[in-house]
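Colleague: Here you go, start.tsv (TSV, C-alpha atoms and all ligand atoms):
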chain	number	residue	atom	x	y	z
A	1	MET	CA	-39.76	66.46	86.00
A	2	GLU	CA	-38.47	68.40	89.00
A	3	TRP	CA	-36.64	71.67	88.69
A	4	LEU	CA	-35.60	74.78	90.55
A	5	TYR	CA	-34.91	78.24	89.18
A	6	LYS	CA	-33.02	80.89	91.11
A	7	GLN	CA	-31.80	84.34	90.14
A	8	PRO	CA	-30.75	86.49	93.08
A	9	VAL	CA	-29.18	89.40	91.15
A	10	GLU	CA	-31.07	92.69	90.90
A	11	VAL	CA	-30.66	93.84	87.29
A	12	VAL	CA	-31.10	97.42	86.11
A	13	PHE	CA	-30.88	97.85	82.37
A	14	GLY	CA	-30.99	100.88	80.12
A	15	VAL	CA	-29.21	103.32	77.88
A	16	ASN	CA	-27.32	105.82	80.10
A	17	LYS	CA	-28.27	103.97	83.33
A	18	LEU	CA	-24.71	104.40	84.56
A	19	ALA	CA	-25.34	108.10	85.11
A	20	GLU	CA	-27.43	107.01	88.11
A	21	ILE	CA	-24.56	105.20	89.83
A	22	ALA	CA	-24.36	107.52	92.85
A	23	GLN	CA	-28.06	107.17	93.58
A	24	ILE	CA	-27.92	103.39	93.09
A	25	LEU	CA	-24.98	102.98	95.49
A	26	GLN	CA	-26.44	105.41	98.04
A	27	GLU	CA	-29.79	103.59	98.04
A	28	LYS	CA	-27.91	100.40	98.93
A	29	GLY	CA	-25.99	102.22	101.65
A	30	TYR	CA	-22.66	101.48	99.98
A	31	GLN	CA	-20.10	104.12	100.96
A	32	ASN	CA	-16.53	102.84	100.84
A	33	GLY	CA	-15.89	100.87	97.67
A	34	LEU	CA	-13.18	99.75	95.28
A	35	LEU	CA	-13.56	99.79	91.51
A	36	VAL	CA	-12.05	96.72	89.84
A	37	SER	CA	-11.28	97.10	86.16
A	38	ASP	CA	-8.74	96.63	83.40
A	39	PRO	CA	-6.21	99.09	81.92
A	40	TRP	CA	-8.40	99.95	78.92
A	41	PHE	CA	-10.90	101.72	81.19
A	42	VAL	CA	-8.21	103.81	82.81
A	43	GLN	CA	-7.00	104.86	79.37
A	44	SER	CA	-10.50	105.59	78.09
A	45	GLY	CA	-11.34	107.68	81.16
A	46	LEU	CA	-14.45	105.65	82.03
A	47	ALA	CA	-12.96	104.40	85.32
A	48	ALA	CA	-12.26	107.97	86.47
A	49	GLN	CA	-15.69	109.12	85.32
A	50	ILE	CA	-17.44	106.39	87.31
A	51	ILE	CA	-15.41	107.18	90.43
A	52	ASN	CA	-16.32	110.83	89.98
A	53	ASP	CA	-20.00	110.10	89.30
A	54	SER	CA	-20.18	107.90	92.41
A	55	LYS	CA	-19.96	111.08	94.52
A	56	GLY	CA	-17.43	109.68	96.96
A	57	CYS	CA	-18.85	106.14	97.26
A	58	ILE	CA	-16.00	104.61	95.23
A	59	LYS	CA	-12.60	105.51	96.63
A	60	ALA	CA	-10.03	103.92	94.31
A	61	CYS	CA	-9.45	101.63	91.37
A	62	PHE	CA	-7.67	98.27	91.09
A	63	ASP	CA	-6.91	98.76	87.44
A	64	HIS	CA	-4.84	95.93	86.07
A	65	VAL	CA	-7.03	92.87	85.59
A	66	THR	CA	-5.85	90.98	82.49
A	67	PRO	CA	-7.89	88.84	80.07
A	68	ASN	CA	-8.41	85.39	81.64
A	69	PRO	CA	-7.61	86.69	85.15
A	70	THR	CA	-5.12	84.73	87.21
A	71	VAL	CA	-5.33	83.51	90.79
A	72	GLU	CA	-2.45	85.89	91.62
A	73	GLU	CA	-4.43	88.91	90.37
A	74	VAL	CA	-7.32	87.91	92.61
A	75	ASP	CA	-4.91	87.61	95.56
A	76	GLU	CA	-3.52	91.06	94.89
A	77	CYS	CA	-6.98	92.61	94.65
A	78	ALA	CA	-8.17	90.75	97.77
A	79	GLN	CA	-5.14	92.01	99.70
A	80	ILE	CA	-6.00	95.62	98.82
A	81	ILE	CA	-9.61	95.09	99.93
A	82	ARG	CA	-8.35	93.65	103.25
A	83	GLU	CA	-5.74	96.34	103.87
A	84	LYS	CA	-8.01	99.28	103.06
A	85	GLY	CA	-11.13	97.78	104.56
A	86	TYR	CA	-13.29	98.34	101.47
A	87	GLU	CA	-16.92	97.46	102.07
A	88	PHE	CA	-18.00	96.68	98.50
A	89	VAL	CA	-16.56	96.30	95.02
A	90	VAL	CA	-17.78	97.66	91.71
A	91	ALA	CA	-16.62	95.47	88.82
A	92	LEU	CA	-16.29	97.34	85.53
A	93	GLY	CA	-15.27	95.45	82.40
A	94	GLY	CA	-15.72	92.28	80.47
A	95	GLY	CA	-15.94	88.86	82.07
A	96	SER	CA	-12.31	89.10	83.15
A	97	ALA	CA	-12.72	92.16	85.40
A	98	LEU	CA	-16.04	90.86	86.71
A	99	ASP	CA	-14.64	87.43	87.57
A	100	CYS	CA	-11.57	88.87	89.28
A	101	ALA	CA	-13.70	91.23	91.39
A	102	LYS	CA	-16.21	88.50	92.29
A	103	ALA	CA	-13.51	86.15	93.58
A	104	ALA	CA	-11.56	88.92	95.34
A	105	ALA	CA	-14.70	90.06	97.19
A	106	VAL	CA	-14.87	86.66	98.85
A	107	VAL	CA	-11.20	85.64	99.09
A	108	ALA	CA	-10.59	88.97	100.91
A	109	LEU	CA	-12.47	87.56	103.89
A	110	SER	CA	-10.16	84.59	104.28
A	111	ASP	CA	-6.50	84.20	105.18
A	112	LYS	CA	-5.83	81.72	102.36
A	113	ASP	CA	-4.78	82.40	98.80
A	114	THR	CA	-7.04	81.90	95.79
A	115	ARG	CA	-5.16	78.81	94.60
A	116	ALA	CA	-6.26	76.99	97.76
A	117	PHE	CA	-9.88	77.36	96.65
A	118	HIS	CA	-9.39	77.10	92.87
A	119	SER	CA	-7.40	73.87	92.72
A	120	GLY	CA	-6.64	73.02	96.35
A	121	GLY	CA	-10.10	71.82	97.32
A	122	GLU	CA	-10.45	74.30	100.24
A	123	LYS	CA	-13.93	75.60	101.03
A	124	LEU	CA	-14.49	79.29	100.26
A	125	PRO	CA	-15.36	81.57	103.19
A	126	SER	CA	-19.02	81.85	104.13
A	127	GLU	CA	-19.02	85.64	103.77
A	128	GLY	CA	-17.95	88.15	101.15
A	129	ILE	CA	-18.36	91.86	100.55
A	130	PRO	CA	-21.14	93.02	98.17
A	131	ILE	CA	-20.44	93.15	94.44
A	132	VAL	CA	-21.93	95.56	91.91
A	133	ALA	CA	-21.27	94.47	88.33
A	134	ILE	CA	-21.09	96.74	85.30
A	135	PRO	CA	-20.50	94.54	82.24
A	136	THR	CA	-18.87	96.27	79.29
A	137	THR	CA	-19.04	93.37	76.85
A	138	ALA	CA	-22.06	91.39	75.69
A	139	GLY	CA	-20.68	88.84	76.78
A	140	THR	CA	-20.15	86.41	79.48
A	141	GLY	CA	-23.27	87.05	81.55
A	142	SER	CA	-20.93	86.97	84.55
A	143	GLU	CA	-23.02	89.77	86.12
A	144	VAL	CA	-25.79	87.23	86.83
A	145	THR	CA	-23.77	84.08	87.54
A	146	CYS	CA	-22.15	82.68	90.69
A	147	ILE	CA	-19.13	81.66	88.66
A	148	SER	CA	-15.64	83.13	88.46
A	149	VAL	CA	-13.43	81.63	85.77
A	150	LEU	CA	-9.80	81.85	86.85
A	151	THR	CA	-6.49	80.77	85.40
A	152	ASP	CA	-3.59	79.27	87.29
A	153	THR	CA	-0.68	79.79	84.92
A	154	LYS	CA	1.72	77.78	87.11
A	155	LYS	CA	-0.54	74.75	86.83
A	156	SER	CA	-1.67	75.60	83.27
A	157	PHE	CA	-5.21	75.26	84.58
A	158	LYS	CA	-8.21	77.40	83.67
A	159	ALA	CA	-11.44	76.49	85.43
A	160	PRO	CA	-14.58	77.98	86.95
A	161	LEU	CA	-14.83	78.49	90.70
A	162	ALA	CA	-18.37	78.82	92.03
A	163	SER	CA	-19.93	80.22	95.18
A	164	PRO	CA	-23.36	81.72	95.93
A	165	LEU	CA	-21.39	84.69	97.30
A	166	PHE	CA	-20.14	85.44	93.77
A	167	PHE	CA	-23.60	86.61	92.77
A	168	PRO	CA	-23.45	90.39	92.46
A	169	LYS	CA	-26.00	92.22	94.61
A	170	MET	CA	-26.74	94.25	91.54
A	171	ALA	CA	-25.92	94.43	87.83
A	172	ILE	CA	-26.05	97.78	86.05
A	173	ILE	CA	-26.28	97.13	82.33
A	174	ASP	CA	-25.79	100.19	80.16
A	175	PRO	CA	-25.43	99.32	76.45
A	176	VAL	CA	-23.66	102.65	75.83
A	177	VAL	CA	-20.49	101.32	77.48
A	178	THR	CA	-20.32	98.49	74.93
A	179	LEU	CA	-20.16	100.93	71.98
A	180	THR	CA	-16.36	101.01	72.16
A	181	VAL	CA	-15.90	97.23	71.95
A	182	PRO	CA	-13.82	96.60	68.79
A	183	PRO	CA	-15.27	94.39	66.00
A	184	TYR	CA	-13.15	91.32	66.80
A	185	VAL	CA	-14.05	91.40	70.52
A	186	THR	CA	-17.70	92.05	69.56
A	187	ALA	CA	-17.66	88.87	67.45
A	188	CYS	CA	-15.95	86.77	70.13
A	189	THR	CA	-18.20	87.93	72.94
A	190	GLY	CA	-21.38	87.73	70.82
A	191	LEU	CA	-20.61	84.11	69.99
A	192	ASP	CA	-19.97	83.45	73.70
A	193	VAL	CA	-23.56	84.61	74.31
A	194	LEU	CA	-24.80	82.17	71.66
A	195	SER	CA	-22.75	79.36	73.23
A	196	HIS	CA	-24.26	80.08	76.66
A	197	ALA	CA	-27.78	80.04	75.26
A	198	LEU	CA	-27.36	76.85	73.22
A	199	GLU	CA	-25.38	74.99	75.86
A	200	GLY	CA	-27.76	76.00	78.68
A	201	TYR	CA	-30.58	74.68	76.50
A	202	TRP	CA	-29.11	71.31	75.57
A	203	SER	CA	-27.26	70.67	78.85
A	204	LYS	CA	-28.27	67.43	80.53
A	205	ASN	CA	-29.43	69.65	83.44
A	206	HIS	CA	-31.75	71.78	81.32
A	207	GLN	CA	-35.07	72.95	82.75
A	208	PRO	CA	-38.07	74.90	81.38
A	209	VAL	CA	-37.29	78.42	82.64
A	210	CYS	CA	-33.73	78.28	81.36
A	211	ASP	CA	-34.96	76.74	78.08
A	212	ALA	CA	-37.27	79.71	77.50
A	213	LEU	CA	-34.51	82.19	78.33
A	214	ALA	CA	-32.05	80.33	76.08
A	215	ILE	CA	-34.35	80.35	73.04
A	216	TYR	CA	-35.04	84.07	73.52
A	217	ALA	CA	-31.34	84.91	73.83
A	218	ALA	CA	-30.23	82.72	70.89
A	219	ASP	CA	-32.85	84.29	68.64
A	220	LEU	CA	-31.57	87.79	69.54
A	221	VAL	CA	-27.98	86.81	68.73
A	222	PHE	CA	-28.95	85.41	65.31
A	223	LYS	CA	-30.93	88.59	64.56
A	224	TYR	CA	-28.57	91.24	65.85
A	225	LEU	CA	-24.95	89.98	65.89
A	226	PRO	CA	-24.48	89.95	62.08
A	227	ARG	CA	-26.13	93.38	61.90
A	228	LEU	CA	-23.91	94.75	64.69
A	229	TYR	CA	-20.75	93.38	63.09
A	230	GLU	CA	-21.72	95.22	59.88
A	231	LYS	CA	-22.34	98.48	61.72
A	232	ILE	CA	-20.37	98.46	64.93
A	233	ASP	CA	-21.86	101.67	66.38
A	234	ASP	CA	-25.48	100.52	66.00
A	235	LEU	CA	-26.83	101.29	69.49
A	236	GLU	CA	-30.06	99.35	68.97
A	237	ALA	CA	-28.11	96.22	68.00
A	238	ARG	CA	-25.71	96.78	70.93
A	239	THR	CA	-28.72	97.07	73.26
A	240	LYS	CA	-30.23	93.82	71.94
A	241	LEU	CA	-26.89	92.02	72.34
A	242	CYS	CA	-26.65	93.27	75.95
A	243	GLU	CA	-30.17	91.95	76.52
A	244	ALA	CA	-29.20	88.61	74.97
A	245	SER	CA	-26.06	88.45	77.10
A	246	VAL	CA	-27.71	88.92	80.47
A	247	ILE	CA	-30.58	86.59	79.56
A	248	ALA	CA	-28.19	83.91	78.27
A	249	GLY	CA	-26.31	84.26	81.59
A	250	MET	CA	-29.56	83.48	83.39
A	251	ALA	CA	-30.12	80.56	80.98
A	252	PHE	CA	-26.83	78.76	81.54
A	253	TRP	CA	-25.63	79.25	85.09
A	254	GLN	CA	-27.91	76.57	86.52
A	255	PRO	CA	-27.88	73.96	83.72
A	256	LYS	CA	-24.16	74.73	83.23
A	257	THR	CA	-22.24	74.71	79.99
A	258	THR	CA	-21.33	71.62	78.00
A	259	GLY	CA	-19.06	70.49	75.15
A	260	SER	CA	-18.05	73.81	73.58
A	261	HIS	CA	-17.12	75.45	76.87
A	262	ALA	CA	-15.28	72.28	77.97
A	263	CYS	CA	-13.18	72.50	74.79
A	264	SER	CA	-12.70	76.26	75.20
A	265	PHE	CA	-10.61	75.92	78.35
A	266	PRO	CA	-7.57	74.16	76.74
A	267	LEU	CA	-8.05	76.21	73.54
A	268	THR	CA	-7.55	79.35	75.62
A	269	ASN	CA	-4.93	77.87	77.93
A	270	ILE	CA	-2.71	76.21	75.33
A	271	TYR	CA	-3.42	78.24	72.17
A	272	HIS	CA	-4.40	81.60	73.72
A	273	ILE	CA	-7.64	81.83	71.76
A	274	PRO	CA	-9.96	84.38	73.46
A	275	HIS	CA	-12.84	82.83	75.39
A	276	GLY	CA	-15.72	83.56	72.98
A	277	GLU	CA	-13.80	82.50	69.89
A	278	ALA	CA	-12.64	79.38	71.72
A	279	CYS	CA	-16.27	78.45	72.52
A	280	ALA	CA	-17.38	79.21	68.97
A	281	PHE	CA	-14.56	77.07	67.56
A	282	THR	CA	-16.55	73.88	68.23
A	283	LEU	CA	-20.08	75.33	68.52
A	284	ASP	CA	-21.32	74.44	65.02
A	285	ALA	CA	-19.83	70.94	65.45
A	286	PHE	CA	-21.65	70.47	68.76
A	287	ILE	CA	-24.92	71.68	67.20
A	288	ARG	CA	-24.59	68.85	64.65
A	289	ILE	CA	-23.50	66.30	67.27
A	290	ASN	CA	-26.31	67.20	69.68
A	291	ALA	CA	-28.98	67.60	66.97
A	292	GLU	CA	-30.57	64.21	67.51
A	293	ALA	CA	-30.24	64.14	71.30
A	294	GLU	CA	-33.33	63.89	73.47
A	295	GLY	CA	-36.06	63.72	70.89
A	296	GLY	CA	-34.82	66.43	68.59
A	297	ARG	CA	-34.90	69.33	71.08
A	298	VAL	CA	-32.11	71.13	69.24
A	299	HIS	CA	-34.13	71.01	66.00
A	300	GLU	CA	-37.01	72.54	67.96
A	301	LEU	CA	-34.82	75.44	69.17
A	302	ALA	CA	-33.49	75.93	65.64
A	303	ARG	CA	-37.05	76.15	64.24
A	304	LYS	CA	-38.00	78.66	66.96
A	305	CYS	CA	-35.04	80.78	65.81
A	306	GLY	CA	-36.29	80.65	62.20
A	307	PHE	CA	-34.14	77.82	60.81
A	308	GLU	CA	-35.35	74.75	58.98
A	309	ASP	CA	-33.53	72.47	61.41
A	310	ALA	CA	-30.44	72.24	63.64
A	311	TYR	CA	-28.20	71.52	60.65
A	312	SER	CA	-29.11	74.76	58.91
A	313	MET	CA	-28.57	76.57	62.23
A	314	ALA	CA	-25.09	74.98	62.39
A	315	ASP	CA	-24.44	76.17	58.82
A	316	LYS	CA	-25.42	79.69	59.88
A	317	VAL	CA	-23.06	79.61	62.86
A	318	LEU	CA	-20.19	78.51	60.61
A	319	GLU	CA	-21.07	81.26	58.11
A	320	MET	CA	-21.16	83.87	60.90
A	321	LYS	CA	-17.77	82.66	62.14
A	322	ARG	CA	-16.29	82.97	58.64
A	323	THR	CA	-17.81	86.42	58.05
A	324	MET	CA	-16.50	87.69	61.38
A	325	GLY	CA	-12.97	86.31	60.89
A	326	MET	CA	-13.13	83.59	63.52
A	327	LYS	CA	-10.90	80.53	63.23
A	328	THR	CA	-12.85	77.59	61.87
A	329	THR	CA	-10.29	74.77	61.39
A	330	LEU	CA	-7.29	73.30	63.19
A	331	GLU	CA	-5.08	74.73	60.44
A	332	GLU	CA	-6.46	78.26	60.89
A	333	ALA	CA	-5.92	77.96	64.65
A	334	GLU	CA	-2.38	76.69	63.97
A	335	ILE	CA	-3.00	73.60	66.04
A	336	GLU	CA	-0.52	70.96	64.96
A	337	LEU	CA	-1.68	67.38	64.73
A	338	GLY	CA	1.14	66.30	67.04
A	339	THR	CA	-0.45	68.35	69.86
A	340	LEU	CA	-4.01	67.17	69.25
A	341	ASP	CA	-3.98	64.47	71.94
A	342	ALA	CA	-3.13	67.05	74.61
A	343	LEU	CA	-5.98	69.25	73.37
A	344	VAL	CA	-8.38	66.30	73.48
A	345	GLU	CA	-7.26	65.43	77.01
A	346	GLY	CA	-7.81	69.03	78.16
A	347	SER	CA	-11.23	69.01	76.54
A	348	MET	CA	-12.33	66.18	78.86
A	349	HIS	CA	-13.16	68.94	81.34
A	350	PRO	CA	-16.02	68.11	83.80
A	351	ASN	CA	-18.42	70.33	81.78
A	352	MET	CA	-18.13	67.77	78.96
A	353	LEU	CA	-20.19	65.45	81.18
A	354	ASN	CA	-23.16	67.86	80.82
A	355	ASN	CA	-23.18	67.38	77.06
A	356	PRO	CA	-26.36	65.52	76.02
A	357	VAL	CA	-24.35	63.19	73.76
A	358	GLU	CA	-21.59	61.31	75.52
A	359	MET	CA	-18.23	62.19	74.02
A	360	SER	CA	-15.28	59.79	74.13
A	361	ARG	CA	-11.71	60.94	73.49
A	362	ASP	CA	-11.98	59.46	69.98
A	363	ASP	CA	-15.24	61.35	69.32
A	364	ILE	CA	-13.62	64.63	70.39
A	365	LYS	CA	-10.56	63.99	68.25
A	366	ARG	CA	-12.73	63.21	65.22
A	367	MET	CA	-14.73	66.39	65.84
A	368	TYR	CA	-11.59	68.53	65.94
A	369	LEU	CA	-10.27	66.95	62.73
A	370	ASN	CA	-13.56	67.63	60.91
A	371	LEU	CA	-14.03	71.26	62.02
A	372	GLY	CA	-15.05	73.62	59.26
A	373	LYS	CA	-15.79	70.78	56.80
B	401	LIG	N1	-18.24	84.16	85.13
B	401	LIG	C1	-18.89	83.66	84.12
B	401	LIG	O1	-20.05	83.27	84.26
B	401	LIG	C2	-18.21	83.57	82.79
B	401	LIG	C3	-18.90	83.08	81.67
B	401	LIG	C4	-18.22	83.01	80.45
B	401	LIG	C5	-16.90	83.44	80.37
B	401	LIG	N2	-16.26	83.90	81.48
B	401	LIG	C6	-14.85	84.34	81.44
B	401	LIG	O2	-14.80	85.74	81.13
B	401	LIG	C7	-13.56	86.03	80.46
B	401	LIG	C8	-13.82	86.66	79.10
B	401	LIG	O3	-14.52	87.86	79.25
B	401	LIG	P1	-14.85	88.76	77.96
B	401	LIG	O4	-15.06	87.88	76.80
B	401	LIG	O5	-15.93	89.69	78.37
B	401	LIG	O6	-13.49	89.53	77.67
B	401	LIG	P2	-12.44	90.33	78.61
B	401	LIG	O7	-13.06	90.82	79.84
B	401	LIG	O8	-11.24	89.44	78.75
B	401	LIG	O9	-12.10	91.55	77.66
B	401	LIG	C9	-11.49	91.33	76.39
B	401	LIG	C10	-10.86	92.63	75.91
B	401	LIG	O10	-11.89	93.55	75.57
B	401	LIG	C11	-11.62	94.79	76.18
B	401	LIG	N3	-12.91	95.45	76.48
B	401	LIG	C12	-13.88	95.04	77.30
B	401	LIG	N4	-14.92	95.89	77.27
B	401	LIG	C13	-14.58	96.88	76.40
B	401	LIG	C14	-15.22	98.06	75.95
B	401	LIG	N5	-16.44	98.38	76.36
B	401	LIG	N6	-14.59	98.83	75.05
B	401	LIG	C15	-13.35	98.49	74.59
B	401	LIG	N7	-12.68	97.39	74.98
B	401	LIG	C16	-13.29	96.60	75.89
B	401	LIG	C17	-10.84	94.47	77.45
B	401	LIG	O11	-10.07	95.58	77.85
B	401	LIG	C18	-9.97	93.31	76.96
B	401	LIG	O12	-8.81	93.76	76.35
B	401	LIG	C19	-12.84	84.70	80.29
B	401	LIG	O13	-11.91	84.51	81.33
B	401	LIG	C20	-13.98	83.70	80.39
B	401	LIG	O14	-13.54	82.41	80.77
B	401	LIG	C21	-16.91	83.99	82.67
B	402	ZN	ZN	-18.57	81.60	78.01
Now, as a test, write the supplied structure out as structure tokens.
Ligand SMILES: NC(=O)c1ccc[n+]([C@@H]2O[C@H](COP(=O)([O-])OP(=O)(O)OC[C@H]3O[C@@H](n4cnc5c(N)ncnc54)[C@H](O)[C@@H]3O)[C@@H](O)[C@H]2O)c1
Ligand SMILES: [Zn+2]

Modeller:
Amino acid sequence: MEWLYKQPVEVVFGVNKLAEIAQILQEKGYQNGLLVSDPWFVQSGLAAQIINDSKGCIKACFDHVTPNPTVEEVDECAQIIREKGYEFVVALGGGSALDCAKAAAVVALSDKDTRAFHSGGEKLPSEGIPIVAIPTTAGTGSEVTCISVLTDTKKSFKAPLASPLFFPKMAIIDPVVTLTVPPYVTACTGLDVLSHALEGYWSKNHQPVCDALAIYAADLVFKYLPRLYEKIDDLEARTKLCEASVIAGMAFWQPKTTGSHACSFPLTNIYHIPHGEACAFTLDAFIRINAEAEGGRVHELARKCGFEDAYSMADKVLEMKRTMGMKTTLEEAEIELGTLDALVEGSMHPNMLNNPVEMSRDDIKRMYLNLGK
């Protein structure tokens, strides 16, 4: 077996690490930067605090990234970077703010719009400005991936865009900033972490380093997500979830995601289900479907996480979803049977080809109809 493992992002991790932002930026020689964030961080005061703590290194804030950022938002942010000549970006937020900043940092160095790269087949520029990522959810792992997931509302198209230039130069992971994540978002994002770990592990492109990272991250989610949901200000559980998130990011970006993420794109696009909940919607089903693939590897992961087999791990995922108020059936998601064919079609996203068990349109339809049963 041949494999390659790469991870170019420098990661600093720790409670209250953000207090060191000025020193971190100064050591890198970064002096004229733009903060990219979403409106919640303006309201909460964290954006202003970070600008202040940066001791002049960060000059302003692009503050209106929305969940599932659009190609137009990236264009707007890139235009500001171009006009003001910013030399680096600091991305503060969940996956949405991170992905918008990552794409803008590269699109800013071209004269084309983001759509040209996202769906138009154009090659991204060969240069970008440096990115520093501060994830505030645990989460997407976007701080250690070369992926930016963008939505084109005009084309009703949500898809990842990838470039080595999207790798942040540095990720600053401070679990304290995740303390304010509300319970529902904590559940969604925590299950996204689990999806990354499991999908990175069973992807057709899996490899030993990512396998080890995936098992470690999945085990942490099973141990700490139910506990965190019970006690939402538990800093130790928050810290462990942040650890799981960044490690799951390292586990999936190379093998790439599979069935559950492929299905998540139309679930978010058509039915507006947030990313993590959309991934979790089919995760227990894919655990069962993939259980027998490749010599029982999924059973092996399940046993390493303390389950009897993959089926009992799938039961646990379904139980966690129910406890945390996630949608578990088509009825709960208000998906009408008349629209199911469009959902199935959208689920035939290229990532479905990474799933270890080949899925036909009929298989996917049957899976959707049997969810939660
Ligand atoms: N680039 C990647 O590798 C990658 C991987 C998986 C998913 N994604 C993408 O990331 C996006 C989802 O990101 P997400 O799940 O982190 O959610 P998000 O960034 O969309 O944030 C969800 C909500 O939580 C709020 N929030 C975030 N942090 C908070 C905090 N600390 N306190 C209070 N509120 C907070 C935000 O303001 C927002 O309203 C999707 O577009 C998804 O497709 C990217
Ligand atoms: Zn995800």

Colleague: Which residues are near ligand ZN 402 (chain B) - at most 12 Å, using all atoms listed in the file? Format: as number ranges by chain.

Modeller: A: 68, 94-96, 99, 137-142, 145, 147-149, 159-160, 188-200, 245-246, 248-249, 251-253, 256-265, 268, 274-280, 283, 351

Colleague: Only C-alpha atoms, please: the residues just picked out, written as a compact mmCIF listing (two decimals), in the frame of the given file.

Modeller:
# COMPACT_ATOMS: atom_id res chain seq x y z
CA ASN A 68 -8.41 85.39 81.64
CA GLY A 94 -15.72 92.28 80.47
CA GLY A 95 -15.94 88.86 82.07
CA SER A 96 -12.31 89.10 83.15
CA ASP A 99 -14.64 87.43 87.57
CA THR A 137 -19.04 93.37 76.85
CA ALA A 138 -22.06 91.39 75.69
CA GLY A 139 -20.68 88.84 76.78
CA THR A 140 -20.15 86.41 79.48
CA GLY A 141 -23.27 87.05 81.55
CA SER A 142 -20.93 86.97 84.55
CA THR A 145 -23.77 84.08 87.54
CA ILE A 147 -19.13 81.66 88.66
CA SER A 148 -15.64 83.13 88.46
CA VAL A 149 -13.43 81.63 85.77
CA ALA A 159 -11.44 76.49 85.43
CA PRO A 160 -14.58 77.98 86.95
CA CYS A 188 -15.95 86.77 70.13
CA THR A 189 -18.20 87.93 72.94
CA GLY A 190 -21.38 87.73 70.82
CA LEU A 191 -20.61 84.11 69.99
CA ASP A 192 -19.97 83.45 73.70
CA VAL A 193 -23.56 84.61 74.31
CA LEU A 194 -24.80 82.17 71.66
CA SER A 195 -22.75 79.36 73.23
CA HIS A 196 -24.26 80.08 76.66
CA ALA A 197 -27.78 80.04 75.26
CA LEU A 198 -27.36 76.85 73.22
CA GLU A 199 -25.38 74.99 75.86
CA GLY A 200 -27.76 76.00 78.68
CA SER A 245 -26.06 88.45 77.10
CA VAL A 246 -27.71 88.92 80.47
CA ALA A 248 -28.19 83.91 78.27
CA GLY A 249 -26.31 84.26 81.59
CA ALA A 251 -30.12 80.56 80.98
CA PHE A 252 -26.83 78.76 81.54
CA TRP A 253 -25.63 79.25 85.09
CA LYS A 256 -24.16 74.73 83.23
CA THR A 257 -22.24 74.71 79.99
CA THR A 258 -21.33 71.62 78.00
CA GLY A 259 -19.06 70.49 75.15
CA SER A 260 -18.05 73.81 73.58
CA HIS A 261 -17.12 75.45 76.87
CA ALA A 262 -15.28 72.28 77.97
CA CYS A 263 -13.18 72.50 74.79
CA SER A 264 -12.70 76.26 75.20
CA PHE A 265 -10.61 75.92 78.35
CA THR A 268 -7.55 79.35 75.62
CA PRO A 274 -9.96 84.38 73.46
CA HIS A 275 -12.84 82.83 75.39
CA GLY A 276 -15.72 83.56 72.98
CA GLU A 277 -13.80 82.50 69.89
CA ALA A 278 -12.64 79.38 71.72
CA CYS A 279 -16.27 78.45 72.52
CA ALA A 280 -17.38 79.21 68.97
CA LEU A 283 -20.08 75.33 68.52
CA ASN A 351 -18.42 70.33 81.78

Colleague: Please define a box with edges along x, y and z of the file around all atoms of ligand LIG 401 (chain B) given in the file, extend it by 6 Å on each side, and return its centre and edge lengths in Å to one decimal, as JSON.

Modeller:
{"center_x": -14.4, "center_y": 90.6, "center_z": 79.9, "size_x": 23.2, "size_y": 28.4, "size_z": 22.5}

Colleague: When distances are computed from only C-alpha atoms and all ligand atoms, which of A:Val11, A:Val89, A:Cys77, A:Leu267 shows the smallest separation from ligand LIG 401 (chain B)?

Modeller: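 When distances to ligand LIG 401 (chain B) are compared using only C-alpha atoms and all ligand atoms, the smallest one comes from A:Leu267.
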
Colleague: With 12 Å as the cut-off and only C-alpha atoms counted, what is the closest atom pair between each nearby residue of range 95-165 of chain A and range 30-51 of chain A? Distances in Å to one decimal, ordered by chain and number, as a tab-separated table.

Modeller:
residue	atom	partner	partner_atom	distance
A:Gly95	CA	A:Ser37	CA	10.3
A:Ser96	CA	A:Asp38	CA	8.3
A:Ala97	CA	A:Ser37	CA	5.2
A:Leu98	CA	A:Val36	CA	7.7
A:Asp99	CA	A:Val36	CA	9.9
A:Cys100	CA	A:Val36	CA	7.9
A:Ala101	CA	A:Val36	CA	5.9
A:Lys102	CA	A:Val36	CA	9.5
A:Ala103	CA	A:Val36	CA	11.3
A:Ala104	CA	A:Val36	CA	9.6
A:Ala105	CA	A:Leu34	CA	10.0
A:Ile129	CA	A:Gly33	CA	9.8
A:Pro130	CA	A:Tyr30	CA	8.8
A:Ile131	CA	A:Gly33	CA	9.5
A:Val132	CA	A:Leu35	CA	9.4
A:Ala133	CA	A:Val36	CA	9.6
A:Ile134	CA	A:Ser37	CA	9.9
A:Pro135	CA	A:Ser37	CA	10.3
A:Thr136	CA	A:Phe41	CA	9.8

Colleague: Using all atoms listed in the file for the distances, tell me which of A:Glu10, A:Asp111, A:Asp233, A:Glu2 is nearest to ligand LIG 401 (chain B).

Modeller: A:Asp233

Colleague: Which of these, A:Asp341, A:Glu20, A:Glu83, A:Asp174, has the shortest distance to ligand LIG 401 (chain B) once you count only C-alpha atoms and all ligand atoms?

Modeller: A:Asp174

Colleague: Which residues come within 9 Å of Phe13 in chain A, counting all atoms listed in the file, excluding same-chain residues fewer than 5 positions away, as a count of residues only?

Modeller: 7

Colleague: Could you please determine the separation between CA of Val71 in chain A and CA of Lys158 in chain A in Å, to one decimal place?

Modeller: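 CA of Lys158 in chain A lies 9.8 Å from CA of Val71 in chain A.
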
Colleague: Given all atoms listed in the file as the basis, pick out the residue of A:Glu336, A:Asp53, A:Asp152, A:Glu76 nearest to ligand LIG 401 (chain B).

Modeller: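 Smallest distance to ligand LIG 401 (chain B) is found for A:Asp152.
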